[in-house]
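Text of query_9.cif, listed as mmCIF, C-alpha atoms:
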```cif
data_my_file
#
loop_
_atom_site.group_PDB
_atom_site.id
_atom_site.type_symbol
_atom_site.label_atom_id
_atom_site.label_comp_id
_atom_site.auth_asym_id
_atom_site.auth_seq_id
_atom_site.Cartn_x
_atom_site.Cartn_y
_atom_site.Cartn_z
ATOM 1 C CA MET A 30 125.831 104.008 186.897
ATOM 2 C CA TRP A 31 123.159 106.603 186.172
ATOM 3 C CA GLY A 32 119.801 104.981 186.909
ATOM 4 C CA LYS A 33 117.527 107.975 186.409
ATOM 5 C CA PRO A 34 115.692 109.038 183.221
ATOM 6 C CA ILE A 35 117.742 110.574 180.416
ATOM 7 C CA TYR A 36 116.107 113.986 180.881
ATOM 8 C CA LEU A 37 117.521 114.188 184.410
ATOM 9 C CA ASP A 38 121.043 113.248 183.334
ATOM 10 C CA PRO A 39 123.216 116.397 183.016
ATOM 11 C CA LEU A 40 125.754 114.450 180.958
ATOM 12 C CA GLN A 41 123.268 113.976 178.109
ATOM 13 C CA THR A 42 122.780 116.596 175.381
ATOM 14 C CA PRO A 43 119.955 119.121 175.818
ATOM 15 C CA GLU A 44 118.317 117.738 172.671
ATOM 16 C CA ASP A 45 118.286 114.148 173.949
ATOM 17 C CA ARG A 46 117.058 115.237 177.362
ATOM 18 C CA ALA A 47 114.224 117.251 175.808
ATOM 19 C CA LYS A 48 113.153 114.376 173.541
ATOM 20 C CA ASP A 49 113.098 111.979 176.457
ATOM 21 C CA LEU A 50 111.105 114.394 178.595
ATOM 22 C CA LEU A 51 108.498 115.074 175.906
ATOM 23 C CA LYS A 52 107.795 111.346 175.563
ATOM 24 C CA ARG A 53 106.920 111.239 179.253
ATOM 25 C CA MET A 54 104.760 114.373 179.461
ATOM 26 C CA SER A 55 100.977 114.442 179.336
ATOM 27 C CA LEU A 56 99.073 116.855 177.101
ATOM 28 C CA GLU A 57 98.275 119.011 180.126
ATOM 29 C CA GLU A 58 101.925 119.181 181.128
ATOM 30 C CA LYS A 59 102.981 120.176 177.624
ATOM 31 C CA VAL A 60 100.429 122.970 177.385
ATOM 32 C CA GLY A 61 101.371 124.151 180.869
ATOM 33 C CA GLN A 62 104.869 124.819 179.529
ATOM 34 C CA MET A 63 103.273 127.099 176.932
ATOM 35 C CA PHE A 64 101.858 129.481 179.547
ATOM 36 C CA GLN A 65 103.642 132.360 181.290
ATOM 37 C CA GLN A 66 102.065 133.627 184.495
ATOM 38 C CA ASP A 67 102.013 137.238 185.680
ATOM 39 C CA GLY A 68 103.483 136.874 189.160
ATOM 40 C CA ARG A 69 101.691 140.005 190.375
ATOM 41 C CA HIS A 70 98.294 138.334 190.031
ATOM 42 C CA THR A 71 96.751 136.734 193.092
ATOM 43 C CA ASP A 72 96.064 133.497 191.196
ATOM 44 C CA SER A 73 99.767 132.926 190.487
ATOM 45 C CA TRP A 74 100.323 130.156 193.055
ATOM 46 C CA ASP A 75 97.007 128.409 192.328
ATOM 47 C CA ASN A 76 97.741 128.449 188.598
ATOM 48 C CA PHE A 77 101.151 126.937 189.181
ATOM 49 C CA LYS A 78 99.649 124.115 191.234
ATOM 50 C CA LYS A 79 97.099 123.530 188.471
ATOM 51 C CA MET A 80 99.174 123.997 185.316
ATOM 52 C CA HIS A 81 102.835 123.750 186.374
ATOM 53 C CA PHE A 82 103.339 126.659 183.992
ATOM 54 C CA GLY A 83 106.613 127.037 182.135
ATOM 55 C CA SER A 84 107.418 130.615 183.056
ATOM 56 C CA VAL A 85 106.499 133.455 185.394
ATOM 57 C CA PHE A 86 107.519 137.105 185.480
ATOM 58 C CA TRP A 87 107.456 139.549 188.381
ATOM 59 C CA LYS A 88 108.801 136.972 190.816
ATOM 60 C CA LEU A 89 112.259 138.032 192.008
ATOM 61 C CA GLY A 90 114.675 137.160 194.784
ATOM 62 C CA ASP A 91 113.091 135.366 197.738
ATOM 63 C CA ASP A 92 109.760 135.199 195.874
ATOM 64 C CA VAL A 93 111.150 132.569 193.490
ATOM 65 C CA VAL A 94 112.091 130.172 196.310
ATOM 66 C CA PRO A 95 108.615 128.669 197.018
ATOM 67 C CA TYR A 96 108.182 127.922 193.320
ATOM 68 C CA MET A 97 111.625 126.353 193.018
ATOM 69 C CA ASN A 98 110.954 124.163 196.061
ATOM 70 C CA GLU A 99 107.559 123.120 194.736
ATOM 71 C CA VAL A 100 109.086 122.123 191.392
ATOM 72 C CA LYS A 101 111.125 119.477 193.216
ATOM 73 C CA LYS A 102 107.868 117.798 194.272
ATOM 74 C CA THR A 103 106.394 117.626 190.777
ATOM 75 C CA LYS A 104 106.438 114.521 188.607
ATOM 76 C CA HIS A 105 109.061 115.685 186.100
ATOM 77 C CA LYS A 106 110.780 118.437 188.104
ATOM 78 C CA ILE A 107 110.800 120.845 185.156
ATOM 79 C CA PRO A 108 112.382 124.162 186.249
ATOM 80 C CA ILE A 109 110.380 127.364 185.907
ATOM 81 C CA LEU A 110 111.849 130.050 183.657
ATOM 82 C CA PHE A 111 111.694 133.267 185.711
ATOM 83 C CA ALA A 112 111.575 136.389 183.545
ATOM 84 C CA MET A 113 111.643 140.162 183.817
ATOM 85 C CA ASP A 114 111.707 143.283 181.653
ATOM 86 C CA SER A 115 115.327 144.398 181.942
ATOM 87 C CA ILE A 116 115.753 146.685 178.943
ATOM 88 C CA HIS A 117 118.729 148.789 180.020
ATOM 89 C CA GLY A 118 119.602 147.266 183.343
ATOM 90 C CA TYR A 119 117.757 145.279 185.985
ATOM 91 C CA SER A 120 115.607 148.275 186.832
ATOM 92 C CA PHE A 121 112.992 146.476 188.935
ATOM 93 C CA TRP A 122 115.569 145.421 191.524
ATOM 94 C CA ALA A 123 116.614 148.072 194.030
ATOM 95 C CA GLY A 124 120.319 148.782 193.812
ATOM 96 C CA ALA A 125 120.838 147.189 190.402
ATOM 97 C CA THR A 126 122.996 148.899 187.785
ATOM 98 C CA ILE A 127 120.970 151.145 185.485
ATOM 99 C CA PHE A 128 122.383 151.965 182.062
ATOM 100 C CA PRO A 129 121.353 154.524 179.413
ATOM 101 C CA THR A 130 118.338 153.611 177.312
ATOM 102 C CA GLN A 131 118.924 151.724 174.070
ATOM 103 C CA LEU A 132 118.628 154.952 172.097
ATOM 104 C CA ALA A 133 121.241 156.659 174.260
ATOM 105 C CA ALA A 134 123.527 153.616 174.200
ATOM 106 C CA ALA A 135 123.275 153.545 170.407
ATOM 107 C CA CYS A 136 124.930 156.973 170.316
ATOM 108 C CA SER A 137 128.158 155.221 171.248
ATOM 109 C CA PHE A 138 128.117 153.294 167.930
ATOM 110 C CA ASP A 139 130.051 150.721 169.936
ATOM 111 C CA PRO A 140 128.921 147.058 170.025
ATOM 112 C CA GLN A 141 131.287 146.288 172.909
ATOM 113 C CA THR A 142 129.386 148.759 175.073
ATOM 114 C CA LEU A 143 126.191 146.761 174.510
ATOM 115 C CA ILE A 144 127.984 143.486 175.192
ATOM 116 C CA ASP A 145 129.282 144.827 178.491
ATOM 117 C CA MET A 146 125.860 146.200 179.474
ATOM 118 C CA GLY A 147 124.255 142.849 178.732
ATOM 119 C CA LYS A 148 126.812 140.937 180.796
ATOM 120 C CA VAL A 149 126.273 143.109 183.868
ATOM 121 C CA CYS A 150 122.488 142.999 183.560
ATOM 122 C CA ALA A 151 122.423 139.216 183.118
ATOM 123 C CA LYS A 152 124.671 138.576 186.102
ATOM 124 C CA GLU A 153 122.597 140.779 188.395
ATOM 125 C CA MET A 154 119.392 139.077 187.241
ATOM 126 C CA ARG A 155 120.740 135.569 187.785
ATOM 127 C CA TYR A 156 121.684 136.359 191.373
ATOM 128 C CA THR A 157 117.985 136.944 192.103
ATOM 129 C CA GLY A 158 116.773 133.796 190.343
ATOM 130 C CA VAL A 159 115.727 135.423 187.066
ATOM 131 C CA ALA A 160 117.076 133.901 183.843
ATOM 132 C CA TRP A 161 115.175 135.581 180.993
ATOM 133 C CA THR A 162 115.094 139.237 179.950
ATOM 134 C CA PHE A 163 112.615 140.737 177.488
ATOM 135 C CA SER A 164 115.376 142.527 175.596
ATOM 136 C CA PRO A 165 116.709 143.758 173.187
ATOM 137 C CA VAL A 166 114.119 145.867 171.382
ATOM 138 C CA CYS A 167 114.763 145.354 167.668
ATOM 139 C CA GLY A 168 112.228 147.837 166.328
ATOM 140 C CA ILE A 169 113.437 150.894 164.438
ATOM 141 C CA ALA A 170 112.367 154.444 165.299
ATOM 142 C CA ARG A 171 110.150 155.880 162.597
ATOM 143 C CA ASP A 172 107.724 158.425 164.126
ATOM 144 C CA ILE A 173 108.683 160.551 167.134
ATOM 145 C CA ARG A 174 105.012 160.628 168.168
ATOM 146 C CA TRP A 175 105.400 156.954 169.079
ATOM 147 C CA GLY A 176 106.184 156.936 172.789
ATOM 148 C CA ARG A 177 108.669 154.053 172.718
ATOM 149 C CA CYS A 178 111.344 155.483 170.414
ATOM 150 C CA ASP A 179 113.777 155.644 173.336
ATOM 151 C CA GLU A 180 113.553 151.858 173.663
ATOM 152 C CA THR A 181 114.969 151.362 170.161
ATOM 153 C CA PHE A 182 118.527 151.620 168.859
ATOM 154 C CA GLY A 183 117.413 154.393 166.492
ATOM 155 C CA GLU A 184 116.275 154.612 162.892
ATOM 156 C CA ASP A 185 119.020 152.808 160.968
ATOM 157 C CA PRO A 186 118.349 149.067 160.432
ATOM 158 C CA HIS A 187 122.043 148.341 159.947
ATOM 159 C CA LEU A 188 123.108 149.918 163.244
ATOM 160 C CA CYS A 189 120.110 148.458 165.056
ATOM 161 C CA GLY A 190 121.063 144.992 163.853
ATOM 162 C CA ILE A 191 124.694 145.288 164.925
ATOM 163 C CA LEU A 192 123.778 146.555 168.394
ATOM 164 C CA ALA A 193 120.945 144.047 168.846
ATOM 165 C CA ALA A 194 123.363 141.207 168.085
ATOM 166 C CA ALA A 195 125.850 142.671 170.572
ATOM 167 C CA ALA A 196 123.180 142.891 173.277
ATOM 168 C CA VAL A 197 122.241 139.245 172.672
ATOM 169 C CA GLU A 198 125.894 138.236 173.006
ATOM 170 C CA GLY A 199 126.146 140.139 176.269
ATOM 171 C CA TYR A 200 123.029 138.590 177.791
ATOM 172 C CA GLN A 201 123.599 135.037 176.602
ATOM 173 C CA GLY A 202 127.382 134.879 176.552
ATOM 174 C CA GLY A 203 127.430 133.460 173.043
ATOM 175 C CA LYS A 204 125.330 130.998 171.078
ATOM 176 C CA THR A 205 125.593 128.105 173.565
ATOM 177 C CA LEU A 206 122.698 128.828 175.904
ATOM 178 C CA GLY A 207 123.104 127.842 179.544
ATOM 179 C CA SER A 208 126.859 127.282 179.386
ATOM 180 C CA ASP A 209 127.574 130.131 181.825
ATOM 181 C CA PRO A 210 125.523 130.555 185.042
ATOM 182 C CA ASP A 211 126.059 134.319 184.919
ATOM 183 C CA THR A 212 124.183 134.681 181.612
ATOM 184 C CA CYS A 213 120.488 134.812 180.755
ATOM 185 C CA LEU A 214 118.133 134.193 177.851
ATOM 186 C CA ALA A 215 117.601 137.172 175.524
ATOM 187 C CA CYS A 216 114.328 138.035 173.775
ATOM 188 C CA ALA A 217 114.273 140.131 170.586
ATOM 189 C CA LYS A 218 111.079 142.167 170.357
ATOM 190 C CA HIS A 219 108.540 143.167 169.043
ATOM 191 C CA PHE A 220 108.275 141.093 165.874
ATOM 192 C CA ALA A 221 107.705 142.890 163.591
ATOM 193 C CA GLY A 222 106.917 146.424 162.378
ATOM 194 C CA TYR A 223 105.620 147.428 165.802
ATOM 195 C CA SER A 224 107.289 150.825 165.644
ATOM 196 C CA ALA A 225 105.500 151.740 162.401
ATOM 197 C CA ASP A 226 102.059 152.283 163.931
ATOM 198 C CA ILE A 227 100.079 154.953 162.101
ATOM 199 C CA GLY A 228 100.178 158.332 163.810
ATOM 200 C CA GLY A 229 102.437 157.040 166.564
ATOM 201 C CA ARG A 230 99.502 155.256 168.228
ATOM 202 C CA ASP A 231 101.031 152.424 170.215
ATOM 203 C CA ALA A 232 99.882 148.866 169.508
ATOM 204 C CA ALA A 233 97.555 149.970 166.735
ATOM 205 C CA GLU A 234 97.778 149.508 162.955
ATOM 206 C CA ALA A 235 100.781 149.558 160.633
ATOM 207 C CA TRP A 236 100.561 149.789 156.862
ATOM 208 C CA LEU A 237 103.641 148.024 155.586
ATOM 209 C CA THR A 238 104.518 146.348 152.311
ATOM 210 C CA GLU A 239 106.612 143.185 152.271
ATOM 211 C CA ARG A 240 109.430 145.261 150.781
ATOM 212 C CA ASN A 241 109.274 147.684 153.735
ATOM 213 C CA LEU A 242 109.357 144.817 156.198
ATOM 214 C CA ARG A 243 112.265 143.055 154.525
ATOM 215 C CA SER A 244 114.268 146.227 153.910
ATOM 216 C CA TYR A 245 113.848 147.978 157.254
ATOM 217 C CA PHE A 246 112.023 146.054 159.972
ATOM 218 C CA PHE A 247 113.284 142.487 159.531
ATOM 219 C CA PRO A 248 117.079 142.999 159.425
ATOM 220 C CA PRO A 249 117.622 143.783 163.147
ATOM 221 C CA PHE A 250 115.725 140.626 164.096
ATOM 222 C CA GLU A 251 117.701 138.578 161.595
ATOM 223 C CA GLU A 252 120.944 139.804 163.139
ATOM 224 C CA ALA A 253 119.733 138.995 166.660
ATOM 225 C CA ILE A 254 118.833 135.475 165.542
ATOM 226 C CA LYS A 255 122.210 135.003 163.841
ATOM 227 C CA ALA A 256 123.775 135.952 167.183
ATOM 228 C CA GLY A 257 121.888 133.062 168.767
ATOM 229 C CA CYS A 258 118.926 134.857 170.367
ATOM 230 C CA GLY A 259 116.864 132.134 172.004
ATOM 231 C CA SER A 260 113.452 133.797 172.089
ATOM 232 C CA ILE A 261 111.356 136.282 170.141
ATOM 233 C CA MET A 262 108.393 138.350 171.337
ATOM 234 C CA CYS A 263 105.474 138.991 169.012
ATOM 235 C CA GLY A 264 104.348 142.533 168.176
ATOM 236 C CA TYR A 265 101.119 144.053 169.469
ATOM 237 C CA GLU A 266 100.050 145.730 166.256
ATOM 238 C CA SER A 267 98.220 144.663 163.135
ATOM 239 C CA ILE A 268 99.987 144.789 159.781
ATOM 240 C CA ASN A 269 97.599 145.743 157.010
ATOM 241 C CA GLY A 270 94.676 144.583 159.134
ATOM 242 C CA LEU A 271 96.131 141.272 160.324
ATOM 243 C CA PRO A 272 97.359 141.107 163.951
ATOM 244 C CA CYS A 273 100.951 139.912 164.296
ATOM 245 C CA SER A 274 99.942 137.199 166.751
ATOM 246 C CA ALA A 275 97.615 135.734 164.107
ATOM 247 C CA ASN A 276 99.982 136.193 161.163
ATOM 248 C CA LYS A 277 101.090 132.734 160.049
ATOM 249 C CA TRP A 278 103.202 134.145 157.215
ATOM 250 C CA LEU A 279 105.150 136.333 159.642
ATOM 251 C CA LEU A 280 105.587 133.862 162.496
ATOM 252 C CA LYS A 281 105.854 130.517 160.738
ATOM 253 C CA ASP A 282 106.755 131.080 157.095
ATOM 254 C CA VAL A 283 109.345 133.824 157.622
ATOM 255 C CA LEU A 284 110.605 133.468 161.198
ATOM 256 C CA LYS A 285 110.653 129.713 161.648
ATOM 257 C CA LYS A 286 110.872 128.265 158.134
ATOM 258 C CA GLU A 287 112.726 130.859 156.046
ATOM 259 C CA TRP A 288 115.100 132.035 158.781
ATOM 260 C CA GLY A 289 115.319 128.695 160.556
ATOM 261 C CA PHE A 290 114.665 130.191 163.997
ATOM 262 C CA ASN A 291 114.678 127.268 166.446
ATOM 263 C CA GLY A 292 114.050 129.151 169.665
ATOM 264 C CA PHE A 293 110.571 129.937 170.943
ATOM 265 C CA LEU A 294 108.083 132.738 170.356
ATOM 266 C CA VAL A 295 106.226 134.387 173.236
ATOM 267 C CA SER A 296 103.207 136.656 172.875
ATOM 268 C CA ASP A 297 103.401 140.068 174.463
ATOM 269 C CA TYR A 298 101.301 140.931 177.511
ATOM 270 C CA TYR A 299 97.611 140.082 176.911
ATOM 271 C CA ASN A 300 98.406 140.014 173.196
ATOM 272 C CA ILE A 301 96.219 137.010 172.462
ATOM 273 C CA ARG A 302 93.345 138.543 174.436
ATOM 274 C CA ARG A 303 93.557 141.558 172.138
ATOM 275 C CA LEU A 304 92.470 139.344 169.219
ATOM 276 C CA VAL A 305 89.062 139.453 170.925
ATOM 277 C CA THR A 306 88.933 142.781 172.757
ATOM 278 C CA ARG A 307 90.797 145.225 170.501
ATOM 279 C CA GLN A 308 91.482 143.696 167.102
ATOM 280 C CA CYS A 309 88.122 141.940 167.004
ATOM 281 C CA ILE A 310 88.990 139.022 164.741
ATOM 282 C CA CYS A 311 88.002 136.296 167.235
ATOM 283 C CA ASN A 312 84.754 135.731 169.113
ATOM 284 C CA ASP A 313 86.241 134.490 172.386
ATOM 285 C CA LEU A 314 89.480 133.521 174.111
ATOM 286 C CA ARG A 315 89.198 129.886 173.084
ATOM 287 C CA GLU A 316 89.118 130.822 169.413
ATOM 288 C CA ALA A 317 91.923 133.363 169.905
ATOM 289 C CA SER A 318 94.147 130.900 171.785
ATOM 290 C CA ILE A 319 93.740 128.177 169.175
ATOM 291 C CA LEU A 320 94.382 130.622 166.329
ATOM 292 C CA ALA A 321 97.499 132.005 168.032
ATOM 293 C CA ALA A 322 98.898 128.541 168.742
ATOM 294 C CA ASN A 323 98.317 127.430 165.158
ATOM 295 C CA CYS A 324 99.976 130.577 163.798
ATOM 296 C CA GLY A 325 103.234 129.963 165.653
ATOM 297 C CA ASN A 326 102.948 131.371 169.180
ATOM 298 C CA ASP A 327 104.823 128.970 171.469
ATOM 299 C CA MET A 328 104.013 130.675 174.767
ATOM 300 C CA ASP A 329 101.168 132.895 175.915
ATOM 301 C CA MET A 330 101.859 135.732 178.313
ATOM 302 C CA ALA A 331 99.413 136.185 181.196
ATOM 303 C CA ILE A 332 96.090 134.728 179.937
ATOM 304 C CA PRO A 333 95.214 131.615 182.017
ATOM 305 C CA GLU A 334 92.333 130.754 179.672
ATOM 306 C CA PHE A 335 94.966 129.896 177.049
ATOM 307 C CA TYR A 336 95.759 126.706 178.966
ATOM 308 C CA GLU A 337 92.282 125.148 178.879
ATOM 309 C CA SER A 338 91.631 126.470 175.380
ATOM 310 C CA VAL A 339 94.654 124.816 173.762
ATOM 311 C CA ILE A 340 94.058 121.554 175.606
ATOM 312 C CA SER A 341 90.489 121.601 174.309
ATOM 313 C CA GLY A 342 91.724 122.426 170.804
ATOM 314 C CA VAL A 343 94.081 119.444 170.771
ATOM 315 C CA LYS A 344 91.315 117.096 171.927
ATOM 316 C CA THR A 345 88.985 118.331 169.148
ATOM 317 C CA GLY A 346 91.668 118.147 166.481
ATOM 318 C CA GLU A 347 91.900 121.931 166.024
ATOM 319 C CA VAL A 348 95.506 122.011 167.263
ATOM 320 C CA ASP A 349 98.202 119.426 166.557
ATOM 321 C CA GLU A 350 99.904 117.977 169.618
#
```

Written as structure tokens, how would this file's structure read?
Amino acid sequence: MWGKPIYLDPLQTPEDRAKDLLKRMSLEEKVGQMFQQDGRHTDSWDNFKKMHFGSVFWKLGDDVVPYMNEVKKTKHKIPILFAMDSIHGYSFWAGATIFPTQLAAACSFDPQTLIDMGKVCAKEMRYTGVAWTFSPVCGIARDIRWGRCDETFGEDPHLCGILAAAAVEGYQGGKTLGSDPDTCLACAKHFAGYSADIGGRDAAEAWLTERNLRSYFFPPFEEAIKAGCGSIMCGYESINGLPCSANKWLLKDVLKKEWGFNGFLVSDYYNIRRLVTRQCICNDLREASILAANCGNDMDMAIPEFYESVISGVKTGEVDE
């Protein structure tokens, strides 16, 4: 007879295991799961010992082993989600299969090609301990001055949506996440309107009406979500003066409530810091972290101050636990 907690019982449903685990976790442990560490930073190991963070990127192959072994010693033994940018193949691993860019692959007009690419990429990632790719890019190409057009599936929302859904199927192996050890978690990015920056200036300002968003920029993300995409990455830019990472209408009202997205939303690299340093709508990282968490960001990428800030915000009643 199974004598361990429900969350450690593989025969229980993921939902029941998660509910049981959450009841046992402290506030600090919960917020730690909301932080993703940059594995290239020298504080990576110290931050893990302090926060038991939920995810880390730029740790591949043998570098994941110390973290996996340390997890076994922790109170709840929550696995770390290792992640990497693998847009058109596992390009940061020597000898991995490299495919054409999304724009080139889109020239095939063939969803099966994207499914096959995703399957190969996912399998090669999993054999090095990585289980989450920051792909597919669901933005649409609009201005050739923007330097990331080659990362998109082109300018047609309909085609972009079909191919994004196919890529998700390839990475994840269907809508039942975790059912196949040779698959990985997909991440549709960058939500939303990121490719519409004025003058092609990356991560700047986009002037977009709700009609533009719903007609052109939302559909590829909707298709990715219908295909079961388990995570979404927030856009860097501001839409009509409001940064995406602080846009409650975009992240909560549309993505989570209207569309019923039940995966999780991760900020892009240093995105929450930009609320202070570039977009200048917050006075400090504490204010930015609390605002981002309240607007729907489920995980911060690479800003350790997010951890203490959200814990503080919960204790003061500024963030709901």

With distances taken over all atoms listed in the file, the candidate from A:Tyr336, A:Asn98, A:Pro186, A:Leu314 nearest Ser244 of chain A is A:Pro186

If the PyMOL selection byres ((chain A and resi 295-301) around 6) is run on the structure shown, which residues does it catch, given as a PDB file with C-alpha atoms, in the frame of the given file?
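Below you can see selection-v5.pdb, which holds the result:
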```
ATOM      1  CA  MET A 262     108.393 138.350 171.337  1.00  0.00           C
ATOM      2  CA  CYS A 263     105.474 138.991 169.012  1.00  0.00           C
ATOM      3  CA  LEU A 294     108.083 132.738 170.356  1.00  0.00           C
ATOM      4  CA  ARG A 302      93.345 138.543 174.436  1.00  0.00           C
ATOM      5  CA  ARG A 303      93.557 141.558 172.138  1.00  0.00           C
ATOM      6  CA  LEU A 304      92.470 139.344 169.219  1.00  0.00           C
ATOM      7  CA  ASP A 327     104.823 128.970 171.469  1.00  0.00           C
ATOM      8  CA  MET A 328     104.013 130.675 174.767  1.00  0.00           C
ATOM      9  CA  ASP A 329     101.168 132.895 175.915  1.00  0.00           C
ATOM     10  CA  MET A 330     101.859 135.732 178.313  1.00  0.00           C
TER      11      MET A 330
END
```

Could you name the residues that touch Gly342 of chain A at 9 Å or less, counting only C-alpha atoms, but leaving out those on the same chain fewer than 3 positions away, as a PyMOL selection string? chain A and resi 315-316+318-319+337-339+345-349

Could you list, as a ChimeraX atom specification, every residue within 10 Å of Gly228 of chain A, counting all atoms listed in the file and ignoring same-chain residues fewer than 4 positions away? /A:172-175,233-235

With C-alpha atoms kept, could you save the residues just selected as a PDB file, in the frame of the given file?
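Writing done, so here's again-v3.pdb:
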```pdb
ATOM      1  CA  ASP A 172     107.724 158.425 164.126  1.00  0.00           C
ATOM      2  CA  ILE A 173     108.683 160.551 167.134  1.00  0.00           C
ATOM      3  CA  ARG A 174     105.012 160.628 168.168  1.00  0.00           C
ATOM      4  CA  TRP A 175     105.400 156.954 169.079  1.00  0.00           C
ATOM      5  CA  ALA A 233      97.555 149.970 166.735  1.00  0.00           C
ATOM      6  CA  GLU A 234      97.778 149.508 162.955  1.00  0.00           C
ATOM      7  CA  ALA A 235     100.781 149.558 160.633  1.00  0.00           C
TER       8      ALA A 235
END
```

Picked residues, the PyMOL selection byres ((chain A and resi 293) around 12), as a ChimeraX atom specification: /A:62-63,214-217,254,257-263,280-281,284-285,289-292,294-296,322,325-329

Put a box with edges along x, y and z around all the listed atoms of segment 275-291 of chain A, pad it by 8 Å on each side, then give me its centre and sizes in Å, one decimal, as lines of an AutoDock Vina configuration file.
```
center_x = 106.5
center_y = 131.8
center_z = 161.2
size_x = 33.7
size_y = 25.1
size_z = 26.4
```
